[in-house]
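**Student:** Quick one: the structure is below, and I'll ask about it shortly.
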Amino acid sequence: MNKWITLALAAALLGGCKDDKAEASNKQQAQVESKEQYFPLQSYRSGPYAAGGTGFFGGFIDYLQLINARDGGVNGVKLTWSECETEYVVERGVECYERLKGGLKGAPPAAFNPLSVGIAYALIDRATHDKNPIITINHGRTDSTDGRVFPYIFPLSLNPYSEVSAIINYVGEREGGLEKLKGQKIVTLYHGSPYGKETTPILDLLAKKYGFEVVHIEVPHPGNEQQAQWLQIKQLKPSWVILRGWGVMNPVALKTAQKVGFPTDHVIGNIWSNSEEDVRPAGEAGKGFLSITTHPSGREFPVLQQIDQYVLQKGKGNMEDPKRVGSVYYNLGVVNGILNVEALRVAQKKFGNRPLSGEEVRWGFENIDIGEERLKELGALGLMQPIKLSCADHEGGGAIKLQQWDGQKWVLVSDWIRADRALLRPIIEDSAAKYAKEKNLTIRDCAKEI
Amino acid sequence: MLYRHTGRVIEPSALLPVREERVLAALVLGLAFALPLWGSDYLFSAILVPVLVLGLAGLGQNLLTGYTGLLSVGSAAFMSVGAFATYNFALRVPGLPLLLSIALGGLSAALVGVLFGLPSLRIKGFYLIVSTLAAQFFVQWVFTRVSWFSNGSSSGVISAPPLAIAGIDLSSPGGRYLLALGIALVLTLIARNLVQSSFGRSLMALRDMDTAAAVIGIPIVRNKLLAFALSSFYLGVAGALWAFVYLGTVEPHGFDLNRSFQVLFVAIIGGLGSITGSFLGAAFVVLLPVALDHLQALLFEHTLSSGLLENVQKIVFGVLILLVLIREPQGLAKLCSRLRTKLRSWPFAD
């Protein structure tokens with residue numbers, strides 16, 4: 001009996017191999033004929049960070065659906081996508097990358113958006129080798145801003161250094177000028193992970209420059225107990241606390257701040273401490289909490305209303321909980337969608353209205369130039385900042401707005417506040433050069449890029 | 001595979017006593033080394049390399065837990081020592097060959113392993129778990145805390161040194177696979193010979209009853225520490241491969257307690273006290289979730305919400321592990337050796 005099973009298995013294997021080959025040649029043919037552009041989505045909808053994953057990828061997918069439903073794709077090229085669950089785990093992310101990078105039914109992949117620092121790091125070598133852009137909007141490796149060393153990595157809109165610099169600029173504004181920071185004390189409460197530590201050197205540098213004292217206090221992952229840290233903060237009596245949190249650490253920080261009697265309106269949450277999911281669990285303690293954002297929440301923006309009209313009302317929305325449409329994570333997904341699609345548009349202008357290769361899409365990203373005018377056309381004025389990228393600059397934005405939690409929703413309390421990017425650029429270039437030396441990379445000459 | 005065992009003189013310590021098996025092994029090996037000629041990137045980067053590397057880590061765990069009977073949940077810590085040491089050797093000693101820096105990384109892990117193995121001289125079983133748990137947390141803390149180890153990288157993430165041996169670039173998926181395969185093969189053969197040697201048997205004597213082993217003159221202190229060193233060396237090399245050959249980068253968080261458990265599960269599912277088992281266990285742990293994922297994409301795409309499916313998949317994975325362990329408590333290796341015995345007599349007896 002067993003032998004028949006063995007034989008059957010062997011036959012199936014052989015058959016499978018044969019099919020593979022046939023498929024491969026089909027694929028090549030389809031690549032030429034396909035009129036679709038593919039978005040490989042390394043999403044995460046389960047695991048500890050599911051709130052971020054479902055919101056972000058929900059917004060992203062809904063925007064892609066809008067482009068298909070309203071415009072019939074980008075200049076006639078339909079957008080397709082498929083998901084692969086990463087659970088925010090690096091190995092799963094790598095497996096997904098390898099699985100999806102071949103495209104979908106002949107449609108070539110445009111860009112990867114893993115929304116995970118760890119996965120993005122693991123993809124740097126692979127993606128550069130395969131010529132696939134990796135988009136790490138509002139996060140990622142700071143020195144990948146230097147596109148000469150990291151040609152395929154894009155920490156769009158706000159890298160960690162800009163984030164901190166802009167926060168300090170806001171604090172200066174509140175205190176009545178950056179020179180007033182002298183002698184002040186600022187505490188940064190950070191998540192004990194690479195992400196949390198990323199900005200330590202830059203805060204030290206800014207402290208030296210403006211003459212304030214900075215105290216770094218670590219909260220070990222996951223951060224559901226912070227009594228000791230906040231008692232220390234209480235003793236230090238800082239004028240401001242920068243909360244560099246992630247996940248459950250955020251609401252716990254707010255609750256503990258209230259318990260020890262530190263005013264939450266002098267706690268500034270960073271870009272990953274700024275969602276509804278971060279403050280709602282803190283209840284009353286969250287009231288007055290400030291945080292930064294590059295993309296206000298809310299549904300009043302025209303692009304969100306069009307998503308409502310073309311996608312949500314047709315019952316095609318991606319969010320399981322429609323109430324989360326317009327939340328911080330969702331809107332970040334929409335902004336990410338806008339930037340990805342805009343890159344396609346820019347690249348199509350140069351390469352023709354057809355599905356593009358990763359290298360061509362990269363060119364598209366590097367030549368994105370969205371001004372106020374274009375933002376209005378996109379229906380995203382106020383939802384995102386004007387952004388201009390180049391071969392050397394893969395960030396392009398570097399501005400934040402401050403929002404305050406009123407107990408129910410976020411209320412904007414500032415205009416765009418810019419980071420001191422001129423100050424940061426040399427540090428970024430140094431760090432990138434060090435990386436290039438470690439890896440024996442040749443630095444791209446941007447003057448030769450067209 | 002039509003061959004018989006009966007009527008032949010079998011040398012018990014020989015690697016492959018039967019000629020047909022030697023032929024088969026040579027064929028499989030030849031195939032394995034020729035694979036880069038036609039294999040796809042996905043096959044190498046997502047399937048074969050992680051199986052090989054995790055298998056090697058499982059082997060390290062097996063040497064300690066399966067052969068010497070010392071329970072440890074600090075494997076990931078030793079892996080991270082290997083990874084970070086390899087990185088620093090490659091970075092700070094110019095011109096150091098890749099293989100040498102990986103070996104030095106393994107040796108550093110062995111040193112740390114001996115250090116954390118010291119408590120094993122006095123405590124056993126569950127108590128030893130606590131001491132290895134300390135290694136797990138301490139090492140991770142050090143690498144997050146001291147930025148020298150990551151060459152001042154502000155986030156503590158390190159990236160792979162250039163992968164090349166004697167001027168041959170191995171950074172392509174096929175090259176990475178060959179590198180992992182070569183190292184895993186050599187180390188596996190060494191491990192196999194070690195456990196068959198008198199040293200290996202003295203380890204097993206320790207495992208089965210250390211008092212009796214002491215009575216017959218086996219040096220307990222030396223052998224326990226050697227077992228820790230050996231196991232940590234394997235784990236260190238596996239850690240370096242995991243970081244640089246498989247992922248290309250690593251952060252201290254990548255070697256957390258979950259990774260330790262994963263390695264322990266590889267050893268348990270594969271079969272404690274078995275070398276083949278380590279690789280079978282790794283294949284099971286790496287491939288089953290991927291297979292389930294593919295299957296689900298095939299069957300339920302667009303019909304159920306993906307978040308729900310993801311959780312169902314976890315349940316299925318857990319149930320499958322339970323089933324395997326209930327059906328075969330001695331692990332996949334035992335299953336395999338039963339198959340081998342059957343094949344030897346097939347088709348004349350069933």
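In the structure tokens, the first chain shown is A, the next is B, and so on; residue numbers restart at 1 for each chain, and ligands run from 1 in the order shown.
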Which residues of chain A have any atom within 7 Å of an atom in chain B when counting only C-alpha atoms, and what is the closest pair of atoms for each, with the distance in Å to one decimal? Order the rows by chain and rising number and write it as JSON lines.

**Tutor:**
{"residue": "A:Arg45", "atom": "CA", "partner": "B:Gly307", "partner_atom": "CA", "distance": 4.8}
{"residue": "A:Ser46", "atom": "CA", "partner": "B:Gly307", "partner_atom": "CA", "distance": 5.6}
{"residue": "A:Val94", "atom": "CA", "partner": "B:Ala46", "partner_atom": "CA", "distance": 7.0}
{"residue": "A:Glu95", "atom": "CA", "partner": "B:Ala46", "partner_atom": "CA", "distance": 4.8}
{"residue": "A:Glu98", "atom": "CA", "partner": "B:Tyr42", "partner_atom": "CA", "distance": 5.1}
{"residue": "A:Arg99", "atom": "CA", "partner": "B:Tyr42", "partner_atom": "CA", "distance": 6.2}
{"residue": "A:Tyr121", "atom": "CA", "partner": "B:Thr249", "partner_atom": "CA", "distance": 6.6}
{"residue": "A:Ala122", "atom": "CA", "partner": "B:Leu247", "partner_atom": "CA", "distance": 5.4}
{"residue": "A:Asp125", "atom": "CA", "partner": "B:Gly248", "partner_atom": "CA", "distance": 6.9}
{"residue": "A:Pro194", "atom": "CA", "partner": "B:Ser155", "partner_atom": "CA", "distance": 4.1}
{"residue": "A:Tyr195", "atom": "CA", "partner": "B:Ser155", "partner_atom": "CA", "distance": 6.1}
{"residue": "A:Lys197", "atom": "CA", "partner": "B:Ser155", "partner_atom": "CA", "distance": 5.3}
{"residue": "A:Glu198", "atom": "CA", "partner": "B:Ser155", "partner_atom": "CA", "distance": 4.3}
{"residue": "A:Pro201", "atom": "CA", "partner": "B:Ser154", "partner_atom": "CA", "distance": 7.0}
{"residue": "A:Glu438", "atom": "CA", "partner": "B:Pro161", "partner_atom": "CA", "distance": 6.8}
{"residue": "A:Lys439", "atom": "CA", "partner": "B:Pro162", "partner_atom": "CA", "distance": 5.8}

**Student:** Restricted to C-alpha atoms, what would the selected residues look like written as an mmCIF file, in the first residue's frame?

**Tutor:**
data_model
loop_
_atom_site.group_PDB
_atom_site.id
_atom_site.type_symbol
_atom_site.label_atom_id
_atom_site.label_comp_id
_atom_site.auth_asym_id
_atom_site.auth_seq_id
_atom_site.Cartn_x
_atom_site.Cartn_y
_atom_site.Cartn_z
ATOM 1 C CA ARG A 45 -3.505 41.883 10.686
ATOM 2 C CA SER A 46 -2.762 39.638 13.632
ATOM 3 C CA VAL A 94 11.433 38.262 4.195
ATOM 4 C CA GLU A 95 9.488 35.193 3.118
ATOM 5 C CA GLU A 98 10.532 36.662 -1.798
ATOM 6 C CA ARG A 99 7.064 35.282 -2.465
ATOM 7 C CA TYR A 121 16.271 46.613 7.444
ATOM 8 C CA ALA A 122 16.308 42.998 6.300
ATOM 9 C CA ASP A 125 20.287 44.329 0.541
ATOM 10 C CA PRO A 194 16.326 49.945 18.102
ATOM 11 C CA TYR A 195 13.396 52.128 17.158
ATOM 12 C CA LYS A 197 17.101 54.366 20.668
ATOM 13 C CA GLU A 198 17.398 55.704 17.153
ATOM 14 C CA PRO A 201 22.400 60.935 19.630
ATOM 15 C CA GLU A 438 31.301 48.844 5.931
ATOM 16 C CA LYS A 439 29.610 47.287 2.923
#

**Student:** Run DSSP on the backbone and grab whatever in region 126-272 of chain A lands in strand (DSSP E or B); send it over as a list of chain:residue names.

**Tutor:**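 The strand (DSSP E or B) residues within region 126-272 of chain A come out as A:Ile134, A:Ile135, A:Asp146, A:Ile153, A:Phe154, A:Lys185, A:Ile186, A:Val187, A:Thr188, A:Leu189, A:Tyr190, A:His191, A:Glu213, A:Val214, A:Val215, A:His216, A:Ile217, A:Glu218, A:Val219, A:Trp240, A:Val241, A:Ile242, A:Leu243, A:Arg244, A:Val267, A:Ile268, A:Gly269.
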
**Student:** Would you export the selected residues with N, CA and C atoms as a PDB file, in the first residue's frame, please?

**Tutor:**
ATOM      1  N   ILE A 134      11.740  50.205  -1.534  1.00  0.00           N
ATOM      2  CA  ILE A 134      11.158  49.926  -0.223  1.00  0.00           C
ATOM      3  C   ILE A 134      10.723  51.258   0.367  1.00  0.00           C
ATOM      4  N   ILE A 135       9.454  51.383   0.689  1.00  0.00           N
ATOM      5  CA  ILE A 135       8.943  52.638   1.239  1.00  0.00           C
ATOM      6  C   ILE A 135       8.753  52.478   2.740  1.00  0.00           C
ATOM      7  N   ASP A 146      19.738  59.359   2.646  1.00  0.00           N
ATOM      8  CA  ASP A 146      20.768  59.647   1.651  1.00  0.00           C
ATOM      9  C   ASP A 146      20.643  58.656   0.499  1.00  0.00           C
ATOM     10  N   ILE A 153      15.751  52.790  -0.956  1.00  0.00           N
ATOM     11  CA  ILE A 153      15.045  52.903   0.326  1.00  0.00           C
ATOM     12  C   ILE A 153      14.527  54.332   0.496  1.00  0.00           C
ATOM     13  N   PHE A 154      13.258  54.464   0.870  1.00  0.00           N
ATOM     14  CA  PHE A 154      12.641  55.784   0.968  1.00  0.00           C
ATOM     15  C   PHE A 154      11.947  56.007   2.315  1.00  0.00           C
ATOM     16  N   LYS A 185      14.962  71.536  31.220  1.00  0.00           N
ATOM     17  CA  LYS A 185      15.208  70.102  31.305  1.00  0.00           C
ATOM     18  C   LYS A 185      14.138  69.366  30.498  1.00  0.00           C
ATOM     19  N   ILE A 186      14.554  68.488  29.628  1.00  0.00           N
ATOM     20  CA  ILE A 186      13.610  67.708  28.817  1.00  0.00           C
ATOM     21  C   ILE A 186      13.918  66.226  29.013  1.00  0.00           C
ATOM     22  N   VAL A 187      12.871  65.466  29.285  1.00  0.00           N
ATOM     23  CA  VAL A 187      13.053  64.027  29.448  1.00  0.00           C
ATOM     24  C   VAL A 187      12.531  63.327  28.208  1.00  0.00           C
ATOM     25  N   THR A 188      13.275  62.332  27.701  1.00  0.00           N
ATOM     26  CA  THR A 188      12.677  61.496  26.670  1.00  0.00           C
ATOM     27  C   THR A 188      12.504  60.084  27.217  1.00  0.00           C
ATOM     28  N   LEU A 189      11.291  59.647  27.143  1.00  0.00           N
ATOM     29  CA  LEU A 189      10.942  58.321  27.652  1.00  0.00           C
ATOM     30  C   LEU A 189      10.822  57.416  26.441  1.00  0.00           C
ATOM     31  N   TYR A 190      11.778  56.474  26.288  1.00  0.00           N
ATOM     32  CA  TYR A 190      11.792  55.742  25.034  1.00  0.00           C
ATOM     33  C   TYR A 190      11.619  54.241  25.208  1.00  0.00           C
ATOM     34  N   HIS A 191      11.090  53.651  24.180  1.00  0.00           N
ATOM     35  CA  HIS A 191      10.871  52.203  24.081  1.00  0.00           C
ATOM     36  C   HIS A 191      12.228  51.512  23.957  1.00  0.00           C
ATOM     37  N   GLU A 213      19.060  70.572  29.051  1.00  0.00           N
ATOM     38  CA  GLU A 213      19.533  69.283  29.552  1.00  0.00           C
ATOM     39  C   GLU A 213      18.554  68.205  29.110  1.00  0.00           C
ATOM     40  N   VAL A 214      19.073  67.093  28.582  1.00  0.00           N
ATOM     41  CA  VAL A 214      18.176  66.018  28.175  1.00  0.00           C
ATOM     42  C   VAL A 214      18.487  64.764  28.987  1.00  0.00           C
ATOM     43  N   VAL A 215      17.429  64.141  29.504  1.00  0.00           N
ATOM     44  CA  VAL A 215      17.597  62.911  30.273  1.00  0.00           C
ATOM     45  C   VAL A 215      16.868  61.791  29.531  1.00  0.00           C
ATOM     46  N   HIS A 216      17.596  60.735  29.185  1.00  0.00           N
ATOM     47  CA  HIS A 216      16.982  59.605  28.472  1.00  0.00           C
ATOM     48  C   HIS A 216      16.571  58.542  29.474  1.00  0.00           C
ATOM     49  N   ILE A 217      15.316  58.185  29.453  1.00  0.00           N
ATOM     50  CA  ILE A 217      14.860  57.128  30.352  1.00  0.00           C
ATOM     51  C   ILE A 217      14.251  56.010  29.518  1.00  0.00           C
ATOM     52  N   GLU A 218      14.737  54.798  29.772  1.00  0.00           N
ATOM     53  CA  GLU A 218      14.289  53.672  28.954  1.00  0.00           C
ATOM     54  C   GLU A 218      13.118  52.954  29.617  1.00  0.00           C
ATOM     55  N   VAL A 219      12.175  52.535  28.794  1.00  0.00           N
ATOM     56  CA  VAL A 219      11.112  51.653  29.253  1.00  0.00           C
ATOM     57  C   VAL A 219      11.301  50.317  28.541  1.00  0.00           C
ATOM     58  N   TRP A 240       9.343  69.423  29.857  1.00  0.00           N
ATOM     59  CA  TRP A 240       8.613  68.642  28.869  1.00  0.00           C
ATOM     60  C   TRP A 240       9.066  67.184  28.912  1.00  0.00           C
ATOM     61  N   VAL A 241       8.150  66.292  28.518  1.00  0.00           N
ATOM     62  CA  VAL A 241       8.513  64.888  28.348  1.00  0.00           C
ATOM     63  C   VAL A 241       8.194  64.499  26.905  1.00  0.00           C
ATOM     64  N   ILE A 242       9.188  63.939  26.216  1.00  0.00           N
ATOM     65  CA  ILE A 242       8.934  63.414  24.869  1.00  0.00           C
ATOM     66  C   ILE A 242       8.696  61.916  25.008  1.00  0.00           C
ATOM     67  N   LEU A 243       7.541  61.484  24.558  1.00  0.00           N
ATOM     68  CA  LEU A 243       7.184  60.065  24.670  1.00  0.00           C
ATOM     69  C   LEU A 243       7.476  59.385  23.347  1.00  0.00           C
ATOM     70  N   ARG A 244       8.451  58.500  23.364  1.00  0.00           N
ATOM     71  CA  ARG A 244       8.829  57.767  22.162  1.00  0.00           C
ATOM     72  C   ARG A 244       8.367  56.327  22.355  1.00  0.00           C
ATOM     73  N   VAL A 267       3.337  66.415  27.875  1.00  0.00           N
ATOM     74  CA  VAL A 267       3.908  65.196  27.313  1.00  0.00           C
ATOM     75  C   VAL A 267       3.654  65.242  25.815  1.00  0.00           C
ATOM     76  N   ILE A 268       4.714  65.097  25.018  1.00  0.00           N
ATOM     77  CA  ILE A 268       4.555  65.127  23.560  1.00  0.00           C
ATOM     78  C   ILE A 268       4.822  63.737  23.010  1.00  0.00           C
ATOM     79  N   GLY A 269       3.806  63.170  22.406  1.00  0.00           N
ATOM     80  CA  GLY A 269       3.965  61.844  21.821  1.00  0.00           C
ATOM     81  C   GLY A 269       4.606  61.955  20.453  1.00  0.00           C
TER      82      GLY A 269
END

**Student:** As a ChimeraX atom specification, please: every residue in region 34-220 of chain A that DSSP puts in helix (DSSP H, G or I).

**Tutor:** /A:50-71,90-100,117-130,142-145,160-175,178-181,194-197,200-210

**Student:** Neighbouring residues of region 73-86 of chain A were defined as those with any atom within 6 Å, considering only C-alpha atoms; residues of the same chain fewer than 3 positions away were excluded. Please report them as a ChimeraX atom specification.

**Tutor:** /A:35-44,67-68,89,92-93,96

**Student:** Can I get the selected residues back with C-alpha atoms, as a compact mmCIF listing (two decimals), in the first residue's frame?

**Tutor:**
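Contents of out_37.txt, as written:
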# COMPACT_ATOMS: atom_id res chain seq x y z
CA LYS A 35 -1.88 46.03 -18.30
CA GLU A 36 -1.74 46.00 -14.53
CA GLN A 37 0.63 47.28 -11.88
CA TYR A 38 0.99 45.19 -8.78
CA PHE A 39 1.33 46.29 -5.16
CA PRO A 40 2.82 43.52 -3.02
CA LEU A 41 1.46 44.12 0.49
CA GLN A 42 3.41 42.72 3.41
CA SER A 43 0.61 43.43 5.82
CA TYR A 44 -0.01 42.41 9.40
CA ILE A 67 -7.94 54.99 -8.10
CA ASN A 68 -9.33 51.93 -9.89
CA VAL A 89 8.02 39.32 12.27
CA ARG A 92 7.87 36.27 7.77
CA GLY A 93 8.45 39.61 6.10
CA CYS A 96 6.65 37.43 1.93

**Student:** Report, in Å with one decimal, the straight-line distance from CA of Glu377 (chain A) to CA of Arg70 (chain A).

**Tutor:** 14.0 Å

**Student:** For Ala213 (chain B), find every residue with an atom within 12 Å (counting only C-alpha atoms), except residues of its own chain fewer than 3 positions away, and show them as number ranges by chain.

**Tutor:** B: 68, 201-210, 216-221, 223-224

**Student:** Can you write out the residues you just picked, keeping N, CA and C atoms, as an mmCIF file, in the first residue's frame?

**Tutor:**
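Saved result, out.cif, follows:
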data_model
loop_
_atom_site.group_PDB
_atom_site.id
_atom_site.type_symbol
_atom_site.label_atom_id
_atom_site.label_comp_id
_atom_site.auth_asym_id
_atom_site.auth_seq_id
_atom_site.Cartn_x
_atom_site.Cartn_y
_atom_site.Cartn_z
ATOM 1 N N THR B 68 23.254 15.735 26.227
ATOM 2 C CA THR B 68 23.807 15.850 27.575
ATOM 3 C C THR B 68 22.724 15.985 28.632
ATOM 4 N N ARG B 201 29.649 9.518 23.948
ATOM 5 C CA ARG B 201 28.992 8.526 24.812
ATOM 6 C C ARG B 201 29.058 8.944 26.272
ATOM 7 N N SER B 202 30.156 9.618 26.648
ATOM 8 C CA SER B 202 30.223 10.056 28.046
ATOM 9 C C SER B 202 29.175 11.154 28.307
ATOM 10 N N LEU B 203 28.881 11.974 27.271
ATOM 11 C CA LEU B 203 27.817 12.972 27.437
ATOM 12 C C LEU B 203 26.487 12.284 27.690
ATOM 13 N N MET B 204 26.229 11.233 26.896
ATOM 14 C CA MET B 204 24.949 10.537 27.060
ATOM 15 C C MET B 204 24.879 9.827 28.409
ATOM 16 N N ALA B 205 26.047 9.387 28.885
ATOM 17 C CA ALA B 205 26.076 8.766 30.215
ATOM 18 C C ALA B 205 25.679 9.802 31.267
ATOM 19 N N LEU B 206 26.182 11.025 31.083
ATOM 20 C CA LEU B 206 25.824 12.115 31.994
ATOM 21 C C LEU B 206 24.326 12.342 31.988
ATOM 22 N N ARG B 207 23.767 12.323 30.770
ATOM 23 C CA ARG B 207 22.348 12.574 30.619
ATOM 24 C C ARG B 207 21.537 11.502 31.337
ATOM 25 N N ASP B 208 21.952 10.231 31.152
ATOM 26 C CA ASP B 208 21.125 9.152 31.676
ATOM 27 C C ASP B 208 21.236 9.029 33.189
ATOM 28 N N MET B 209 22.406 9.225 33.738
ATOM 29 C CA MET B 209 22.531 9.241 35.199
ATOM 30 C C MET B 209 23.904 9.763 35.566
ATOM 31 N N ASP B 210 23.961 10.975 36.063
ATOM 32 C CA ASP B 210 25.291 11.557 36.225
ATOM 33 C C ASP B 210 26.075 10.953 37.400
ATOM 34 N N ILE B 216 31.899 5.739 37.260
ATOM 35 C CA ILE B 216 32.772 5.012 36.327
ATOM 36 C C ILE B 216 33.885 5.911 35.791
ATOM 37 N N GLY B 217 34.034 7.083 36.355
ATOM 38 C CA GLY B 217 35.216 7.879 36.067
ATOM 39 C C GLY B 217 35.085 8.907 34.962
ATOM 40 N N ILE B 218 33.856 9.280 34.645
ATOM 41 C CA ILE B 218 33.679 10.331 33.629
ATOM 42 C C ILE B 218 33.796 11.699 34.311
ATOM 43 N N PRO B 219 34.680 12.563 33.811
ATOM 44 C CA PRO B 219 34.852 13.872 34.451
ATOM 45 C C PRO B 219 33.622 14.756 34.210
ATOM 46 N N ILE B 220 32.811 14.907 35.241
ATOM 47 C CA ILE B 220 31.525 15.579 35.069
ATOM 48 C C ILE B 220 31.690 17.058 34.772
ATOM 49 N N VAL B 221 32.515 17.728 35.589
ATOM 50 C CA VAL B 221 32.667 19.171 35.429
ATOM 51 C C VAL B 221 33.142 19.508 34.027
ATOM 52 N N ASN B 223 33.130 17.734 31.279
ATOM 53 C CA ASN B 223 32.241 17.377 30.181
ATOM 54 C C ASN B 223 31.014 18.269 30.097
ATOM 55 N N LYS B 224 30.488 18.667 31.241
ATOM 56 C CA LYS B 224 29.318 19.555 31.195
ATOM 57 C C LYS B 224 29.703 20.887 30.565
#

**Student:** So how far away is CA of Thr294 (chain A) from CA of Leu402 (chain A), in Å?

**Tutor:** 8.7 Å

**Student:** With a distance cut-off of 10 Å and only C-alpha atoms, select the neighbouring residues of Leu66 (chain A), excluding the residue or stretch itself and same-chain residues fewer than 3 positions from it, and output the selection as a ChimeraX atom specification.

**Tutor:** /A:60-63,69-73,303-304,306-312,317

**Student:** Would you list the contacts of Glu342 (chain A) as a count of residues only, taking every protein, DNA or RNA residue within 12 Å and counting only C-alpha atoms, but skipping same-chain residues closer than 3 positions in sequence?

**Tutor:** 34

**Student:** One number please: CA of Gly326 (chain A) to CA of Thr199 (chain A), in Å, one decimal.

**Tutor:**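 One can read the CA of Gly326 (chain A) to CA of Thr199 (chain A) distance as 28.9 Å.
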
**Student:** Out of A:Val411, A:Glu300, A:Asp278, A:Leu424, which residue has the shortest atom-to-atom distance to Ala51 (chain A) when counting only C-alpha atoms?

**Tutor:**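 Under the stated criterion, the closest residue is A:Asp278.
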
**Student:** When distances are computed from only C-alpha atoms, which of B:Leu292, B:Ile129, B:Arg340, B:Leu235 shows the smallest separation from Leu320 (chain B)?

**Tutor:**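 Among the listed residues, the smallest separation from Leu320 (chain B) belongs to B:Leu292.
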
**Student:** So, with only C-alpha atoms as the atoms that count, which of A:Gly53, A:Pro386, A:Gly196, A:Pro133 lies closest to Pro109 (chain A)?

**Tutor:**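 Of A:Gly53, A:Pro386, A:Gly196, A:Pro133, the one nearest Pro109 (chain A) is A:Pro133, counting only C-alpha atoms.
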
**Student:** Excluding Gly236 (chain B) and its own-chain neighbours fewer than 4 positions away, which residues fall within 10 Å of it when counting only C-alpha atoms? Please give them as a ChimeraX atom specification.

**Tutor:** /B:56-57,60,75-86,102-110,112-113,230-232,240-242
